[in-house]
Amino acid sequence: MPASEKTVLFTLNCNGKLLVIDEPVIMGIMNITPDSFYAGSRVQTEDKILQTASEMIAAGAAILDMGGQSTRPGSTRLSATEEEERLLPAIELIHKNFPDIIISADTYHASVTETVIEAGASIINDISGGMMDDNMLATVGKFPVPYICMHMQGRPETMQVNPVYEDVVQEVLDFFIRQTEKCRQHNIKDVIIDPGFGFGKTISHNFQLLKNLTVFKMLDRPVLAGLSRKGAIYKTLNVTAEDALNGTTAVNMIALLNGASILRVHDVKEAAEAIKLFEAYNNAEAALQQA
């Protein structure tokens with residue numbers, strides 16, 4: 001039964017900082033952009049960046065995921081230089097003021113990867129899983145940092161036009177089998193699996209992946225669930241992203257029950273409460289035996 005299984009223990013070397021995942025952890029989303037799909041995630045001034053980071057850390061975030069460009073459906077791509085100009089000062093600011101927090105940099109550019117790691121990032125989050133920059137995997141492999149390998153069909157500009165799969169779960173799994181082997185060949189030790197909810201998937205595809213998330217345990221890697229306030233939630237509920245917090249909490253709990261090790265969220269406090277309840281639920285049988 002997925003609900004009764006203790007989260008598998010993973011230890012990740014984040015450029016010298018050890019992240020131990022013996023229960024699910026939270027990644028807080030910080031977008032250094034004016035155009036991300038959820039306005040509440042946009043942080044562009046130094047004061048707002050520091051305030052948001054402080055609040056997320058206090059609420060229980062183990063990782064802050066910082067992105068310099070929107071990858072919402074239909075978004076326009078930025079060059080590596082433009083992305084770096086947004087992202088680098090923000091990462092330097094967080095690293096200086098919160099030196100113990102683990103910073104994830106959301107980029108698919110190899111050149112940006114080198115720069116942000118030198119500035120203090122210690123996880124690389126690549127929405128393309130190494131498919132948008134031929135140098136990405138080799139670049140990440142130079143550093144002792146985990147690599148978030150995400151699945152995406154197509155590119156952000158067009159990915160939601162007409163995504164088609166014969167078997168979405170099998171095809172996403174096959175992608176990860178191929179890409180994790182490529183990561184191994186490029187000396188990437190720690191790989192995190194992200195099925196890419198909302199990236200080249202219909203609502204039905206997203207829920208099929210969520211329902212079958214346990215399949216990805218066979219890869220023996222931490223699984224990241226990035227469902228927060230996404231279209232599969234708010235369109236199903238016929239609300240907006242701004243009104244999708246309750247729905248997000250519901251699907252986050254499903255993800256936890258099906259084996260997610262990392263929740264990537266806009267709302268850290270609520271995710272922390274979901275994890276606390278999940279842990280209490282998971283430990284109920286053991287508590288009964290000890291009584």
# chains A, B, ... in the order shown; residues from 1 in each chain; ligands from 1
>>> residues_around(residues="A:Ile275", least_positions_apart="5", cutoff="8 Å", atoms="only C-alpha atoms", output="list in words")
Pro24, Met253 and Leu256 of chain A
>>> select_by_dssp(residues="stretch 4-147 of chain A", states="strand (DSSP E)", output="PyMOL selection string")
chain A and resi 10-14+17-21+25-31+63-67+102-106+123-126+147
>>> residues_around(residues="A:Arg229", least_positions_apart="2", cutoff="6 Å", atoms="only C-alpha atoms", output="VMD selection string")
chain A and resid 241 244 248
>>> select_by_dssp(residues="stretch 83-187 of chain A", states="alpha helix (DSSP H)", output="PDB file with N, CA and C atoms, in the first residue's frame")
ATOM      1  N   GLU A  83      18.548  35.837 -19.137  1.00  0.00           N
ATOM      2  CA  GLU A  83      18.177  35.052 -17.955  1.00  0.00           C
ATOM      3  C   GLU A  83      19.189  35.259 -16.828  1.00  0.00           C
ATOM      4  N   GLU A  84      20.455  35.236 -17.175  1.00  0.00           N
ATOM      5  CA  GLU A  84      21.509  35.399 -16.171  1.00  0.00           C
ATOM      6  C   GLU A  84      21.444  36.770 -15.518  1.00  0.00           C
ATOM      7  N   GLU A  85      21.125  37.797 -16.293  1.00  0.00           N
ATOM      8  CA  GLU A  85      21.041  39.153 -15.736  1.00  0.00           C
ATOM      9  C   GLU A  85      19.952  39.264 -14.674  1.00  0.00           C
ATOM     10  N   ARG A  86      18.889  38.504 -14.824  1.00  0.00           N
ATOM     11  CA  ARG A  86      17.836  38.487 -13.813  1.00  0.00           C
ATOM     12  C   ARG A  86      18.197  37.598 -12.617  1.00  0.00           C
ATOM     13  N   LEU A  87      18.716  36.432 -12.932  1.00  0.00           N
ATOM     14  CA  LEU A  87      18.855  35.382 -11.926  1.00  0.00           C
ATOM     15  C   LEU A  87      20.066  35.556 -11.021  1.00  0.00           C
ATOM     16  N   LEU A  88      21.186  35.953 -11.609  1.00  0.00           N
ATOM     17  CA  LEU A  88      22.443  35.981 -10.860  1.00  0.00           C
ATOM     18  C   LEU A  88      22.402  36.904  -9.640  1.00  0.00           C
ATOM     19  N   PRO A  89      21.960  38.157  -9.762  1.00  0.00           N
ATOM     20  CA  PRO A  89      21.942  39.022  -8.575  1.00  0.00           C
ATOM     21  C   PRO A  89      21.028  38.488  -7.469  1.00  0.00           C
ATOM     22  N   ALA A  90      19.926  37.863  -7.840  1.00  0.00           N
ATOM     23  CA  ALA A  90      18.994  37.326  -6.846  1.00  0.00           C
ATOM     24  C   ALA A  90      19.617  36.160  -6.096  1.00  0.00           C
ATOM     25  N   ILE A  91      20.299  35.287  -6.801  1.00  0.00           N
ATOM     26  CA  ILE A  91      20.955  34.151  -6.147  1.00  0.00           C
ATOM     27  C   ILE A  91      22.075  34.642  -5.231  1.00  0.00           C
ATOM     28  N   GLU A  92      22.860  35.604  -5.701  1.00  0.00           N
ATOM     29  CA  GLU A  92      23.923  36.161  -4.858  1.00  0.00           C
ATOM     30  C   GLU A  92      23.338  36.781  -3.588  1.00  0.00           C
ATOM     31  N   LEU A  93      22.204  37.458  -3.724  1.00  0.00           N
ATOM     32  CA  LEU A  93      21.557  38.102  -2.579  1.00  0.00           C
ATOM     33  C   LEU A  93      21.091  37.067  -1.555  1.00  0.00           C
ATOM     34  N   ILE A  94      20.436  36.015  -2.031  1.00  0.00           N
ATOM     35  CA  ILE A  94      19.957  34.971  -1.124  1.00  0.00           C
ATOM     36  C   ILE A  94      21.127  34.241  -0.474  1.00  0.00           C
ATOM     37  N   HIS A  95      22.134  33.917  -1.259  1.00  0.00           N
ATOM     38  CA  HIS A  95      23.283  33.174  -0.721  1.00  0.00           C
ATOM     39  C   HIS A  95      24.015  33.989   0.349  1.00  0.00           C
ATOM     40  N   LYS A  96      24.095  35.291   0.153  1.00  0.00           N
ATOM     41  CA  LYS A  96      24.762  36.153   1.134  1.00  0.00           C
ATOM     42  C   LYS A  96      23.966  36.251   2.425  1.00  0.00           C
ATOM     43  N   ASN A  97      22.652  36.381   2.321  1.00  0.00           N
ATOM     44  CA  ASN A  97      21.818  36.618   3.492  1.00  0.00           C
ATOM     45  C   ASN A  97      21.313  35.344   4.167  1.00  0.00           C
ATOM     46  N   ALA A 110      23.368  25.855 -20.256  1.00  0.00           N
ATOM     47  CA  ALA A 110      24.616  25.386 -19.659  1.00  0.00           C
ATOM     48  C   ALA A 110      25.472  26.543 -19.167  1.00  0.00           C
ATOM     49  N   SER A 111      25.533  27.633 -19.917  1.00  0.00           N
ATOM     50  CA  SER A 111      26.376  28.771 -19.525  1.00  0.00           C
ATOM     51  C   SER A 111      25.861  29.420 -18.236  1.00  0.00           C
ATOM     52  N   VAL A 112      24.552  29.500 -18.096  1.00  0.00           N
ATOM     53  CA  VAL A 112      23.975  30.050 -16.871  1.00  0.00           C
ATOM     54  C   VAL A 112      24.255  29.116 -15.700  1.00  0.00           C
ATOM     55  N   THR A 113      24.215  27.827 -15.952  1.00  0.00           N
ATOM     56  CA  THR A 113      24.468  26.829 -14.902  1.00  0.00           C
ATOM     57  C   THR A 113      25.812  27.062 -14.227  1.00  0.00           C
ATOM     58  N   GLU A 114      26.858  27.233 -15.002  1.00  0.00           N
ATOM     59  CA  GLU A 114      28.189  27.452 -14.413  1.00  0.00           C
ATOM     60  C   GLU A 114      28.199  28.704 -13.544  1.00  0.00           C
ATOM     61  N   THR A 115      27.605  29.773 -14.035  1.00  0.00           N
ATOM     62  CA  THR A 115      27.639  31.053 -13.327  1.00  0.00           C
ATOM     63  C   THR A 115      26.870  30.991 -12.017  1.00  0.00           C
ATOM     64  N   VAL A 116      25.687  30.391 -12.041  1.00  0.00           N
ATOM     65  CA  VAL A 116      24.853  30.398 -10.826  1.00  0.00           C
ATOM     66  C   VAL A 116      25.405  29.470  -9.759  1.00  0.00           C
ATOM     67  N   ILE A 117      26.054  28.393 -10.155  1.00  0.00           N
ATOM     68  CA  ILE A 117      26.682  27.525  -9.152  1.00  0.00           C
ATOM     69  C   ILE A 117      27.815  28.277  -8.460  1.00  0.00           C
ATOM     70  N   GLU A 118      28.594  28.997  -9.224  1.00  0.00           N
ATOM     71  CA  GLU A 118      29.672  29.809  -8.628  1.00  0.00           C
ATOM     72  C   GLU A 118      29.109  30.875  -7.691  1.00  0.00           C
ATOM     73  N   ALA A 119      27.868  31.318  -7.952  1.00  0.00           N
ATOM     74  CA  ALA A 119      27.244  32.369  -7.132  1.00  0.00           C
ATOM     75  C   ALA A 119      26.547  31.827  -5.888  1.00  0.00           C
ATOM     76  N   MET A 136      24.377  20.842 -21.548  1.00  0.00           N
ATOM     77  CA  MET A 136      23.862  20.941 -20.183  1.00  0.00           C
ATOM     78  C   MET A 136      24.360  19.809 -19.280  1.00  0.00           C
ATOM     79  N   LEU A 137      24.204  18.580 -19.694  1.00  0.00           N
ATOM     80  CA  LEU A 137      24.561  17.456 -18.823  1.00  0.00           C
ATOM     81  C   LEU A 137      26.064  17.433 -18.531  1.00  0.00           C
ATOM     82  N   ALA A 138      26.865  17.700 -19.535  1.00  0.00           N
ATOM     83  CA  ALA A 138      28.321  17.738 -19.317  1.00  0.00           C
ATOM     84  C   ALA A 138      28.700  18.848 -18.350  1.00  0.00           C
ATOM     85  N   THR A 139      28.003  19.969 -18.438  1.00  0.00           N
ATOM     86  CA  THR A 139      28.292  21.100 -17.545  1.00  0.00           C
ATOM     87  C   THR A 139      27.902  20.776 -16.109  1.00  0.00           C
ATOM     88  N   VAL A 140      26.708  20.248 -15.912  1.00  0.00           N
ATOM     89  CA  VAL A 140      26.277  19.891 -14.554  1.00  0.00           C
ATOM     90  C   VAL A 140      27.221  18.854 -13.956  1.00  0.00           C
ATOM     91  N   VAL A 168       1.072   7.864 -21.660  1.00  0.00           N
ATOM     92  CA  VAL A 168       1.871   8.938 -21.084  1.00  0.00           C
ATOM     93  C   VAL A 168       2.793   8.441 -19.978  1.00  0.00           C
ATOM     94  N   VAL A 169       2.316   7.531 -19.135  1.00  0.00           N
ATOM     95  CA  VAL A 169       3.151   7.048 -18.025  1.00  0.00           C
ATOM     96  C   VAL A 169       4.353   6.284 -18.562  1.00  0.00           C
ATOM     97  N   GLN A 170       4.112   5.382 -19.511  1.00  0.00           N
ATOM     98  CA  GLN A 170       5.208   4.589 -20.072  1.00  0.00           C
ATOM     99  C   GLN A 170       6.197   5.464 -20.826  1.00  0.00           C
ATOM    100  N   GLU A 171       5.700   6.430 -21.571  1.00  0.00           N
ATOM    101  CA  GLU A 171       6.587   7.279 -22.368  1.00  0.00           C
ATOM    102  C   GLU A 171       7.434   8.191 -21.489  1.00  0.00           C
ATOM    103  N   VAL A 172       6.853   8.709 -20.419  1.00  0.00           N
ATOM    104  CA  VAL A 172       7.618   9.539 -19.486  1.00  0.00           C
ATOM    105  C   VAL A 172       8.647   8.684 -18.745  1.00  0.00           C
ATOM    106  N   LEU A 173       8.250   7.475 -18.348  1.00  0.00           N
ATOM    107  CA  LEU A 173       9.195   6.563 -17.697  1.00  0.00           C
ATOM    108  C   LEU A 173      10.353   6.222 -18.633  1.00  0.00           C
ATOM    109  N   ASP A 174      10.054   5.915 -19.885  1.00  0.00           N
ATOM    110  CA  ASP A 174      11.116   5.594 -20.855  1.00  0.00           C
ATOM    111  C   ASP A 174      12.077   6.760 -21.019  1.00  0.00           C
ATOM    112  N   PHE A 175      11.540   7.982 -21.024  1.00  0.00           N
ATOM    113  CA  PHE A 175      12.380   9.174 -21.122  1.00  0.00           C
ATOM    114  C   PHE A 175      13.364   9.222 -19.949  1.00  0.00           C
ATOM    115  N   PHE A 176      12.872   8.967 -18.746  1.00  0.00           N
ATOM    116  CA  PHE A 176      13.739   9.040 -17.570  1.00  0.00           C
ATOM    117  C   PHE A 176      14.778   7.919 -17.560  1.00  0.00           C
ATOM    118  N   ILE A 177      14.413   6.751 -18.041  1.00  0.00           N
ATOM    119  CA  ILE A 177      15.393   5.668 -18.121  1.00  0.00           C
ATOM    120  C   ILE A 177      16.550   6.085 -19.030  1.00  0.00           C
ATOM    121  N   ARG A 178      16.208   6.689 -20.176  1.00  0.00           N
ATOM    122  CA  ARG A 178      17.252   7.150 -21.102  1.00  0.00           C
ATOM    123  C   ARG A 178      18.080   8.281 -20.501  1.00  0.00           C
ATOM    124  N   GLN A 179      17.392   9.269 -19.949  1.00  0.00           N
ATOM    125  CA  GLN A 179      18.102  10.466 -19.500  1.00  0.00           C
ATOM    126  C   GLN A 179      18.919  10.220 -18.233  1.00  0.00           C
ATOM    127  N   THR A 180      18.445   9.383 -17.332  1.00  0.00           N
ATOM    128  CA  THR A 180      19.250   9.100 -16.139  1.00  0.00           C
ATOM    129  C   THR A 180      20.526   8.349 -16.511  1.00  0.00           C
ATOM    130  N   GLU A 181      20.450   7.525 -17.540  1.00  0.00           N
ATOM    131  CA  GLU A 181      21.665   6.857 -18.014  1.00  0.00           C
ATOM    132  C   GLU A 181      22.627   7.877 -18.614  1.00  0.00           C
ATOM    133  N   LYS A 182      22.106   8.837 -19.367  1.00  0.00           N
ATOM    134  CA  LYS A 182      22.969   9.899 -19.899  1.00  0.00           C
ATOM    135  C   LYS A 182      23.580  10.716 -18.760  1.00  0.00           C
ATOM    136  N   CYS A 183      22.796  10.966 -17.717  1.00  0.00           N
ATOM    137  CA  CYS A 183      23.329  11.687 -16.553  1.00  0.00           C
ATOM    138  C   CYS A 183      24.486  10.910 -15.932  1.00  0.00           C
ATOM    139  N   ARG A 184      24.314   9.602 -15.800  1.00  0.00           N
ATOM    140  CA  ARG A 184      25.390   8.764 -15.242  1.00  0.00           C
ATOM    141  C   ARG A 184      26.645   8.860 -16.095  1.00  0.00           C
ATOM    142  N   GLN A 185      26.459   8.827 -17.413  1.00  0.00           N
ATOM    143  CA  GLN A 185      27.606   8.903 -18.314  1.00  0.00           C
ATOM    144  C   GLN A 185      28.321  10.250 -18.212  1.00  0.00           C
TER     145      GLN A 185
END
>>> atom_distance(atom1="atom CA of A:Pro222", atom2="atom CA of A:Asn15")
17.4 Å
